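This is model03.pdb. It holds PDB, C-alpha atoms.
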ATOM      1  CA  MET A 151     -10.313 147.996 278.536
ATOM      2  CA  ILE A 152     -11.162 151.505 279.808
ATOM      3  CA  GLY A 153     -14.718 150.314 280.449
ATOM      4  CA  ASP A 154     -13.344 147.513 282.609
ATOM      5  CA  ILE A 155     -11.218 150.012 284.533
ATOM      6  CA  ARG A 156     -14.267 152.234 285.116
ATOM      7  CA  GLN A 157     -16.049 149.237 286.650
ATOM      8  CA  LEU A 158     -13.060 148.362 288.821
ATOM      9  CA  LEU A 159     -12.763 151.936 290.076
ATOM     10  CA  ALA A 160     -16.489 152.084 290.906
ATOM     11  CA  ALA A 161     -16.618 148.692 292.625
ATOM     12  CA  ASN A 162     -17.884 148.634 296.189
ATOM     13  CA  PRO A 163     -15.972 147.314 297.958
ATOM     14  CA  PHE A 164     -12.973 148.432 295.910
ATOM     15  CA  GLU A 165     -10.362 145.787 295.171
ATOM     16  CA  PRO A 166      -6.824 146.792 294.184
ATOM     17  CA  PHE A 167      -5.744 145.950 290.644
ATOM     18  CA  ILE A 168      -2.694 146.117 288.402
ATOM     19  CA  VAL A 169      -2.580 147.702 284.945
ATOM     20  CA  VAL A 170      -0.174 146.090 282.457
ATOM     21  CA  THR A 171       0.964 148.042 279.385
ATOM     22  CA  THR A 172       2.217 147.091 275.935
ATOM     23  CA  GLY A 173       5.723 148.041 277.079
ATOM     24  CA  GLY A 174       5.555 145.413 279.817
ATOM     25  CA  ASN A 175       5.269 147.888 282.686
ATOM     26  CA  SER A 176       2.890 147.160 285.550
ATOM     27  CA  TYR A 177       1.221 149.806 287.703
ATOM     28  CA  THR A 178      -0.676 149.086 290.893
ATOM     29  CA  VAL A 179      -3.908 150.907 291.702
ATOM     30  CA  PRO A 180      -4.257 150.355 295.471
ATOM     31  CA  THR A 181      -7.358 152.556 295.954
ATOM     32  CA  SER A 182      -9.904 154.225 293.688
ATOM     33  CA  ASP A 183      -8.375 157.603 294.617
ATOM     34  CA  HIS A 184      -5.123 156.578 292.926
ATOM     35  CA  ALA A 185      -6.522 156.570 289.368
ATOM     36  CA  GLY A 186      -8.712 158.551 287.028
ATOM     37  CA  ILE A 187      -9.919 158.348 283.446
ATOM     38  CA  SER A 188      -9.852 161.336 281.094
ATOM     39  CA  PRO A 189     -13.286 162.696 280.111
ATOM     40  CA  SER A 190     -12.928 161.311 276.581
ATOM     41  CA  GLY A 191     -11.927 157.894 277.942
ATOM     42  CA  GLY A 192      -8.680 157.824 276.000
ATOM     43  CA  ARG A 193      -6.239 158.005 278.909
ATOM     44  CA  LEU A 194      -5.774 156.615 282.371
ATOM     45  CA  VAL A 195      -3.799 158.496 285.020
ATOM     46  CA  ILE A 196      -2.396 156.608 287.992
ATOM     47  CA  TRP A 197      -1.111 158.611 290.957
ATOM     48  CA  PHE A 198       1.481 157.271 293.362
ATOM     49  CA  ASP A 199       1.899 158.019 297.068
ATOM     50  CA  ASP A 200       4.909 160.260 296.352
ATOM     51  CA  ASP A 201       2.643 162.568 294.260
ATOM     52  CA  SER A 202       4.157 161.415 290.967
ATOM     53  CA  SER A 203       1.936 159.929 288.288
ATOM     54  CA  VAL A 204       1.865 158.095 285.004
ATOM     55  CA  THR A 205      -0.521 158.697 282.109
ATOM     56  CA  ILE A 206      -1.319 155.692 279.930
ATOM     57  CA  ALA A 207      -3.101 155.806 276.595
ATOM     58  CA  GLY A 208      -6.000 153.362 276.623
ATOM     59  CA  LEU A 209      -4.626 151.618 273.534
ATOM     60  CA  HIS A 210      -1.480 150.683 275.483
ATOM     61  CA  ILE A 211      -3.309 148.820 278.247
ATOM     62  CA  VAL A 212      -3.060 145.101 277.531
ATOM     63  CA  ALA A 213      -4.146 143.490 280.791
ATOM     64  CA  LEU A 214      -5.726 144.062 284.174
ATOM     65  CA  GLU A 215      -4.663 141.787 286.981
ATOM     66  CA  SER A 216      -5.995 141.222 290.463
ATOM     67  CA  GLY A 217      -4.071 143.046 293.119
ATOM     68  CA  ASN A 218      -5.636 141.370 296.140
ATOM     69  CA  SER A 219      -2.270 141.182 297.907
ATOM     70  CA  VAL A 220      -1.633 144.920 297.350
ATOM     71  CA  SER A 221      -1.849 147.203 300.356
ATOM     72  CA  ALA A 222      -2.463 150.953 300.129
TER
END

The structure given in the file should be rewritten as structure tokens.
Amino acid sequence: MIGDIRQLLAANPFEPFIVVTTGGNSYTVPTSDHAGISPSGGRLVIWFDDDSSVTIAGLHIVALESGNSVSA
């Protein structure tokens, strides 16, 4: 799943996407600047416009959804 996220973040043009976790939470990634992957590839960090963030272990990511209707 982290490999898929790397591809989504590198896509040109970038298309927003949603990360769904094992706990049922959904997090929108509106731009490539809003997310990053740890060097080891084990964690994804998503930053929000209010400067807060969430860190998700790669094993807890269960789905990636299109976020075409998401605006930054």

Next on the checklist: Starting from the PyMOL selection byres ((chain A and resi 180) around 12), expand the selection into actual residues of this file and give them as a PyMOL selection string.
Outcome noted: chain A and resi 158-159+164-169+177-179+181-185+196-199+216-222

Item to check | Residues within 12 Å of (4.7, 144.9, 280.2), file coords, all atoms listed in the file, listed as a PyMOL selection string | outcome: chain A and resi 168-177+210-215

Next on the checklist: Rounded to one decimal, what separation in Å do you get between CA of Gly191 (chain A) and CA of Pro163 (chain A)?
Outcome noted: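 So the answer is 23.0 Å.
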
Item to check | Long-range neighbours of Arg156 (chain A) as an MDAnalysis selection string, 9 Å cut-off, only C-alpha atoms, 5 positions minimum in chain | outcome: chainID A and resid 151 161 186:187

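CA of Leu194 (chain A) is found 20.0 Å from CA of Asn162 (chain A).
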
Next on the checklist: What's the separation between CA of Ala207 (chain A) and CA of Arg193 (chain A), in Å to one decimal place?
Outcome noted: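 Separating CA of Ala207 (chain A) from CA of Arg193 (chain A) is a distance of 4.5 Å.
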